[in-house]
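Peer 1: Here it is, the structure, as structure tokens.
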Amino acid sequence: MGRPAPDAAVEDQPMTVLNIASIEKLSLPGLAHQTLAGPRDGLRTLEVWMQTVAPGAQTPRHRHACEEVIVVLRGSGTCEIDGVALTFGPGSTLIVPASVPHQIVNTGEEEMHVVAALGAAPVTVETPAGERIELPWDQHRFAGKKCEV
């Protein structure tokens with residue numbers, strides 16, 4: 001019995017393996033984004049994002065109703081959370097509680113590379129005042145498979 005190709009998503013298999021190079025990159029000014037896994041892949045309670053933040057760039061100040069864990073693979077910066085700026089570097093793990101406004105700023109001289117796991121699918125991102133922030137990757141969440149509830 002043969003195995004599916006490593007980058008194939010096979011519905012009747014208990015696991016899916018995706019090739020990151022085949023996942024579309026979307027962007028905001030100074031920020032490149034890939035949704036590595038989420039509702040598109042049948043996930044109902046988790047999204048995993050990979051982002052690259054240019055030197056001097058930042059995420060919008062935002063919140064979401066789920067917890068977030070951000071692993072910093074490369075680069076350094078600050079995470080302003082609940083009015084306090086915390087510094088971090090490569091190898092750091094940032095744990096952001098649900099519904100707490102936060103912002104990541106690349107204060108270094110090189111690109112920052114992070115992987116984030118968010119405990120909801122899909123993730124709705126809002127301003128600190130609760131207004132929805134439309135992101136370029138929102139429309140791509142359900143391309144392919146849809147999460148049926």
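Residues are referred to by chain and number: the chain letter is A, B, ... according to the order shown in the structure tokens, the number counts from 1 in that chain, and ligands are numbered separately from 1 in the order shown.
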Skipping near chain neighbours, those fewer than 5 positions away, what residues fall within 12 Å of Pro97 of chain A using only C-alpha atoms, listed as a PyMOL selection string?

Peer 2: chain A and resi 63-70+81-82+102+118-119

Peer 1: Skipping near chain neighbours, those fewer than 3 positions away, what residues fall within 6 Å of segment 18-33 of chain A using only C-alpha atoms, listed as a list in words?

Peer 2: Asp7, Met50, Gln51, Thr52, Val53, Ala54 and Ala57 of chain A

Peer 1: Could you work out how far atom CA of Leu94 of chain A lies from atom CA of Leu73 of chain A, giving the answer in Å with one decimal?

Peer 2: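 We find that atom CA of Leu73 of chain A and atom CA of Leu94 of chain A lie 11.5 Å from each other.
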
Peer 1: Atom CA of Ile133 of chain A to atom CA of His62 of chain A: how many Å, to one decimal?

Peer 2: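 So the two atoms, atom CA of Ile133 of chain A and atom CA of His62 of chain A, lie 8.1 Å apart.
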
Peer 1: Which of these, A:Met15, A:Pro128, A:Glu109, A:Ile104, has the shortest distance to Leu86 of chain A once you count only C-alpha atoms?

Peer 2: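 Smallest separation from Leu86 of chain A among the options: A:Ile104.
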
Peer 1: Could you name the residues that touch Ala121 of chain A at 6 Å or less, counting only C-alpha atoms, but leaving out those on the same chain fewer than 2 positions away, as an MDAnalysis selection string?

Peer 2: chainID A and resid 39 44:47 123

Peer 1: Keeping C-alpha atoms, export the residues of the selection given above as a CSV table (one decimal), in the first residue's frame.

Peer 2:
```
chain,number,residue,atom,x,y,z
A,39,PRO,CA,-10.2,25.9,9.0
A,44,ARG,CA,-12.1,23.8,14.3
A,45,THR,CA,-10.3,25.2,17.4
A,46,LEU,CA,-6.8,26.1,16.3
A,47,GLU,CA,-5.0,28.3,13.7
A,123,VAL,CA,-9.7,33.9,14.6
```

Peer 1: Select from segment 13-48 of chain A everything DSSP, run on the backbone, classes as strand (DSSP E or B), then give the selection as a list in words.

Peer 2: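 So the strand (DSSP E or B) residues in segment 13-48 of chain A would be Leu26, Ser27, Leu28, Leu31, Ala32, His33, Gln34, Thr35, Leu36, Ala37, Glu47 and Val48 of chain A.
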
Peer 1: So which residues touch Thr93 of chain A within 10 Å, counting only C-alpha atoms, skipping near sequence neighbours fewer than 4 positions away, as a ChimeraX atom specification?

Peer 2: /A:69-73,88-89,114-116

Peer 1: Those residues you just picked out, can you put them in a file as a PDB file, in the first residue's frame with N, CA, C and O atoms?

Peer 2:
```pdb
ATOM      1  N   VAL A  69      -0.018  31.867  21.477  1.00  0.00           N
ATOM      2  CA  VAL A  69       1.369  31.587  21.837  1.00  0.00           C
ATOM      3  C   VAL A  69       2.212  31.901  20.614  1.00  0.00           C
ATOM      4  O   VAL A  69       1.944  31.390  19.518  1.00  0.00           O
ATOM      5  N   ILE A  70       3.218  32.757  20.797  1.00  0.00           N
ATOM      6  CA  ILE A  70       4.080  33.193  19.702  1.00  0.00           C
ATOM      7  C   ILE A  70       5.500  32.717  20.001  1.00  0.00           C
ATOM      8  O   ILE A  70       6.059  33.040  21.051  1.00  0.00           O
ATOM      9  N   VAL A  71       6.071  31.962  19.079  1.00  0.00           N
ATOM     10  CA  VAL A  71       7.443  31.487  19.214  1.00  0.00           C
ATOM     11  C   VAL A  71       8.308  32.321  18.270  1.00  0.00           C
ATOM     12  O   VAL A  71       8.046  32.374  17.065  1.00  0.00           O
ATOM     13  N   VAL A  72       9.313  32.983  18.829  1.00  0.00           N
ATOM     14  CA  VAL A  72      10.195  33.850  18.051  1.00  0.00           C
ATOM     15  C   VAL A  72      11.379  33.012  17.573  1.00  0.00           C
ATOM     16  O   VAL A  72      12.199  32.551  18.370  1.00  0.00           O
ATOM     17  N   LEU A  73      11.449  32.797  16.273  1.00  0.00           N
ATOM     18  CA  LEU A  73      12.510  31.983  15.695  1.00  0.00           C
ATOM     19  C   LEU A  73      13.746  32.820  15.385  1.00  0.00           C
ATOM     20  O   LEU A  73      14.874  32.340  15.493  1.00  0.00           O
ATOM     21  N   PHE A  88      11.942  40.981  23.804  1.00  0.00           N
ATOM     22  CA  PHE A  88      12.175  39.560  23.540  1.00  0.00           C
ATOM     23  C   PHE A  88      13.189  39.428  22.414  1.00  0.00           C
ATOM     24  O   PHE A  88      13.460  40.381  21.679  1.00  0.00           O
ATOM     25  N   GLY A  89      13.732  38.236  22.292  1.00  0.00           N
ATOM     26  CA  GLY A  89      14.693  37.927  21.233  1.00  0.00           C
ATOM     27  C   GLY A  89      14.451  36.530  20.713  1.00  0.00           C
ATOM     28  O   GLY A  89      13.469  35.873  21.086  1.00  0.00           O
ATOM     29  N   VAL A 114       8.348  34.593  13.217  1.00  0.00           N
ATOM     30  CA  VAL A 114       7.591  34.017  14.327  1.00  0.00           C
ATOM     31  C   VAL A 114       6.602  32.988  13.814  1.00  0.00           C
ATOM     32  O   VAL A 114       6.170  33.035  12.660  1.00  0.00           O
ATOM     33  N   VAL A 115       6.259  32.061  14.692  1.00  0.00           N
ATOM     34  CA  VAL A 115       5.165  31.127  14.469  1.00  0.00           C
ATOM     35  C   VAL A 115       4.214  31.311  15.636  1.00  0.00           C
ATOM     36  O   VAL A 115       4.642  31.356  16.796  1.00  0.00           O
ATOM     37  N   ALA A 116       2.925  31.452  15.323  1.00  0.00           N
ATOM     38  CA  ALA A 116       1.928  31.683  16.364  1.00  0.00           C
ATOM     39  C   ALA A 116       0.841  30.626  16.292  1.00  0.00           C
ATOM     40  O   ALA A 116       0.380  30.263  15.206  1.00  0.00           O
TER      41      ALA A 116
END
```

Peer 1: Take atom CA of Met112 of chain A and atom CA of Arg74 of chain A and report the distance between them in Å, one decimal.

Peer 2: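 Here the two named atoms are 5.2 Å from each other.
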